[in-house]
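A.B. asks: Can you keep this structure in mind? I'll have questions shortly.
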Amino acid sequence: MNFLKKLGTPFVALWRWIKETAWVQPLLIVGVIFAIIFSIPYITSGIQNLINSTESDLKYFENHMLSLEGCKNNEGNSQAEKFFDNFEAAQEAWNNDDKETARDLLDQYSSEDRFFLFLVQEECTGCSNVRDGLEYLTDNWDLLVNSGDSSNPTAPSLSWQSINVKETYDSDDYYSDNNTTPIQELTYTGSYYYFYRIAMTVASTTDYYHNITIANEGDVVDTQNAVYTNTEGLINPTSGMQTPTCILIDLTDSNDSPYLITTIFYSLAGSDEYGYADFLKDAWKSEGIFGSDYH
C-alpha cells in the first residue's frame, strides 16, 4: 500500500498544481483540441482501411462473379442459374462421353478447361485467405506452377468463378414479399439441386477427402466430417451453407472420373498468403494432399 501511495504522489501533485494554476488549464484545453484535430485524418484513414479491407475481399472476386440478380421463382434469368443449367447439361454430356460438348457448354466461364467455383461473402476470414492465396498465386504463377519456365507450362492457367451467397437486391420487392433471398431461390432450382447431388456424391470420394486422415499437421484444416457435413449444407443457405466453399471443376483429359467436380474443400491450410497459395496450387494441380500418391 505504501508503495502505491509513493507511486501515485507525483501524479497527485501534478494534478493539484494544474487545478491551482489558472493559466495552465486553457493551454491544456487548447492542446487537447489540437491533438484531436490532428488525429482525425489518422482515425479516418484507419477506419477507411478497415472498410476497404472488408470490401476488397469481394472486390477481388467481382470480375469473376456470377450474379444472383433476377434469381427468383425458378425463372432462370440470373447468371448463377444459367451457370448451373449449363453445368447440368455439361455433366450429362460428360456422362455420355461427349467431352467436347461438355467443354463447349462451360467454356464461357473459363479460358481453360478447369476452374474453381468459390462461394464467398463479406466479413469471412476464410474468404480473405482465398483472396490472398489467389492473388499471390496469380502474381507468382510461373515460379510456383511452371517451375520458373513459362515456355513449358505444367498446368492450365488459373481460372475461377464465384457467387456472393449474401447478395441482396433491396429494390426488388419479390424477396421481402416472399420472405426469401436470392441464394434461397437458387437452391430451389432443379439445376442447382442436380449440382448439389453431384457434389454430395463426389465429396467423400476425392483424394483430398481420403488423404485428410493421413495428413501431417499443417497440411490440412478440414476434417472428413466437416467436408461431408458442409457439403450437405450447400442446399441450406440459411444455416448450413459455408463460406468459403471451394469446388474444382475439371474438363481436361486428365480427369478420368465420371464427374466434372473433382475436389471440394472449405478451408485453406497455411498461415499467410504463401501457404494459402501453395494449398490452392496443389488443389489446382492435384498434388500434395490432393494427389492420389499422397502418403
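FYI, nothing fancy with the C-alpha cells labels: chains A, B, ... in order, residues from 1 per chain, ligands from 1 as they appear.
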Got a sec: who's within 7 Å of segment 228-237 of chain A, counting only C-alpha atoms, leaving out chain neighbours fewer than 6 positions off, as a list in words?
C.D. replies: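 The filter keeps Ile183, Gln184, Thr187, Tyr196, Ala199, Met200, Ala203 and Ser204 of chain A.
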A.B. asks: Extract the full set of alpha helix (DSSP H) residues from segment 81-293 of chain A according to DSSP on the backbone, and format it as a PyMOL selection string.
C.D. replies: chain A and resi 81-95+99-106+125-139+141-144+173-177+182-187+190-203+207-211+224-232+273-285
A.B. asks: Rank nothing, just name the residue among A:Thr138, A:Thr168, A:Asn129, A:Ser157 nearest to Leu68 of chain A, using only C-alpha atoms.
C.D. replies: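 Among the listed residues, the smallest separation from Leu68 of chain A belongs to A:Thr168.
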A.B. asks: May I ask for the distance between atom CA of Ile212 of chain A and atom CA of Ile261 of chain A, given in Å to one decimal place?
C.D. replies: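 These atoms are spaced 18.2 Å apart.
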A.B. asks: I'd like to know which of A:Ile163, A:Ile289, A:Leu158, A:Ile198 is closest to Val221 of chain A, using only C-alpha atoms.
C.D. replies: A:Ile289
A.B. asks: Mind checking which residues fall within 10 Å of Asp293 of chain A, counting only C-alpha atoms, ignoring those fewer than 5 positions away in the same chain, and posting them as a PyMOL selection string?
C.D. replies: chain A and resi 207+211+286-288
A.B. asks: Residues as selected, N, CA and C atoms, written as a compact mmCIF listing (two decimals), in the first residue's frame, can you do that?
C.D. replies:
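As a result, result10.txt now contains:
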# COMPACT_ATOMS: atom_id res chain seq x y z
N ASP A 207 -9.55 -37.58 -53.62
CA ASP A 207 -8.25 -37.88 -53.00
C ASP A 207 -8.05 -37.02 -51.75
N ASN A 211 -7.17 -38.38 -48.11
CA ASN A 211 -5.85 -38.04 -47.58
C ASN A 211 -5.90 -37.28 -46.27
N SER A 286 -3.69 -31.11 -58.51
CA SER A 286 -3.91 -32.45 -57.91
C SER A 286 -2.61 -33.02 -57.36
N GLU A 287 -1.91 -32.20 -56.60
CA GLU A 287 -0.66 -32.60 -55.99
C GLU A 287 -0.78 -32.52 -54.47
N GLY A 288 0.27 -32.96 -53.77
CA GLY A 288 0.25 -32.89 -52.32
C GLY A 288 -0.93 -33.65 -51.76
A.B. asks: May I have all residues of segment 32-253 of chain A that DSSP, computed from the backbone, assigns to strand (DSSP E), given as a list of chain:residue names?
C.D. replies: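 Here is the list: A:Arg114, A:Phe115, A:Phe116, A:Leu117, A:Phe118, A:Leu119, A:Val120, A:Trp160, A:Gln161, A:Ser162, A:Ile163, A:Asn164, A:Thr245, A:Cys246, A:Ile247, A:Leu248, A:Ile249, A:Asp250.
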A.B. asks: Write a file of the selected residues as a tab-separated table (two decimals), in the first residue's frame, keeping N, CA, C and O atoms.
C.D. replies:
chain	number	residue	atom	x	y	z
A	114	ARG	N	-10.52	-26.01	-66.88
A	114	ARG	CA	-10.50	-26.28	-65.45
A	114	ARG	C	-10.72	-24.95	-64.73
A	114	ARG	O	-10.12	-23.95	-65.10
A	115	PHE	N	-11.57	-24.94	-63.72
A	115	PHE	CA	-11.77	-23.70	-62.98
A	115	PHE	C	-12.35	-24.00	-61.60
A	115	PHE	O	-12.99	-25.03	-61.38
A	116	PHE	N	-12.08	-23.08	-60.69
A	116	PHE	CA	-12.65	-23.14	-59.36
A	116	PHE	C	-14.02	-22.46	-59.35
A	116	PHE	O	-14.25	-21.49	-60.08
A	117	LEU	N	-14.91	-22.94	-58.51
A	117	LEU	CA	-16.13	-22.21	-58.15
A	117	LEU	C	-16.04	-21.93	-56.66
A	117	LEU	O	-15.92	-22.86	-55.85
A	118	PHE	N	-16.07	-20.65	-56.29
A	118	PHE	CA	-15.99	-20.24	-54.89
A	118	PHE	C	-17.32	-19.64	-54.45
A	118	PHE	O	-17.87	-18.77	-55.14
A	119	LEU	N	-17.83	-20.08	-53.31
A	119	LEU	CA	-18.96	-19.42	-52.66
A	119	LEU	C	-18.37	-18.56	-51.55
A	119	LEU	O	-17.68	-19.06	-50.66
A	120	VAL	N	-18.63	-17.25	-51.62
A	120	VAL	CA	-17.99	-16.31	-50.71
A	120	VAL	C	-19.01	-15.32	-50.16
A	120	VAL	O	-20.16	-15.27	-50.61
A	160	TRP	N	-11.28	-18.99	-62.31
A	160	TRP	CA	-12.32	-19.26	-61.32
A	160	TRP	C	-13.58	-18.43	-61.57
A	160	TRP	O	-13.55	-17.42	-62.27
A	161	GLN	N	-14.68	-18.89	-60.99
A	161	GLN	CA	-15.94	-18.15	-60.89
A	161	GLN	C	-16.34	-18.13	-59.42
A	161	GLN	O	-15.88	-18.95	-58.63
A	162	SER	N	-17.20	-17.20	-59.06
A	162	SER	CA	-17.61	-17.09	-57.66
A	162	SER	C	-19.06	-16.63	-57.56
A	162	SER	O	-19.62	-16.08	-58.51
A	163	ILE	N	-19.65	-16.89	-56.40
A	163	ILE	CA	-21.01	-16.45	-56.10
A	163	ILE	C	-20.99	-15.85	-54.71
A	163	ILE	O	-20.49	-16.46	-53.76
A	164	ASN	N	-21.53	-14.64	-54.59
A	164	ASN	CA	-21.70	-14.00	-53.29
A	164	ASN	C	-23.02	-14.49	-52.70
A	164	ASN	O	-24.09	-14.07	-53.12
A	245	THR	N	-16.71	-21.92	-49.79
A	245	THR	CA	-16.82	-23.25	-50.38
A	245	THR	C	-15.96	-23.23	-51.63
A	245	THR	O	-16.11	-22.34	-52.46
A	246	CYS	N	-15.06	-24.18	-51.76
A	246	CYS	CA	-14.11	-24.21	-52.87
A	246	CYS	C	-14.30	-25.51	-53.64
A	246	CYS	O	-14.09	-26.60	-53.09
A	247	ILE	N	-14.71	-25.39	-54.89
A	247	ILE	CA	-15.03	-26.56	-55.71
A	247	ILE	C	-14.23	-26.47	-57.01
A	247	ILE	O	-14.26	-25.45	-57.69
A	248	LEU	N	-13.52	-27.54	-57.33
A	248	LEU	CA	-12.75	-27.58	-58.57
A	248	LEU	C	-13.54	-28.35	-59.62
A	248	LEU	O	-13.97	-29.49	-59.40
A	249	ILE	N	-13.75	-27.71	-60.77
A	249	ILE	CA	-14.45	-28.32	-61.90
A	249	ILE	C	-13.43	-28.54	-63.00
A	249	ILE	O	-12.76	-27.61	-63.44
A	250	ASP	N	-13.30	-29.78	-63.44
A	250	ASP	CA	-12.21	-30.15	-64.34
A	250	ASP	C	-12.74	-30.87	-65.58
A	250	ASP	O	-13.33	-31.95	-65.49
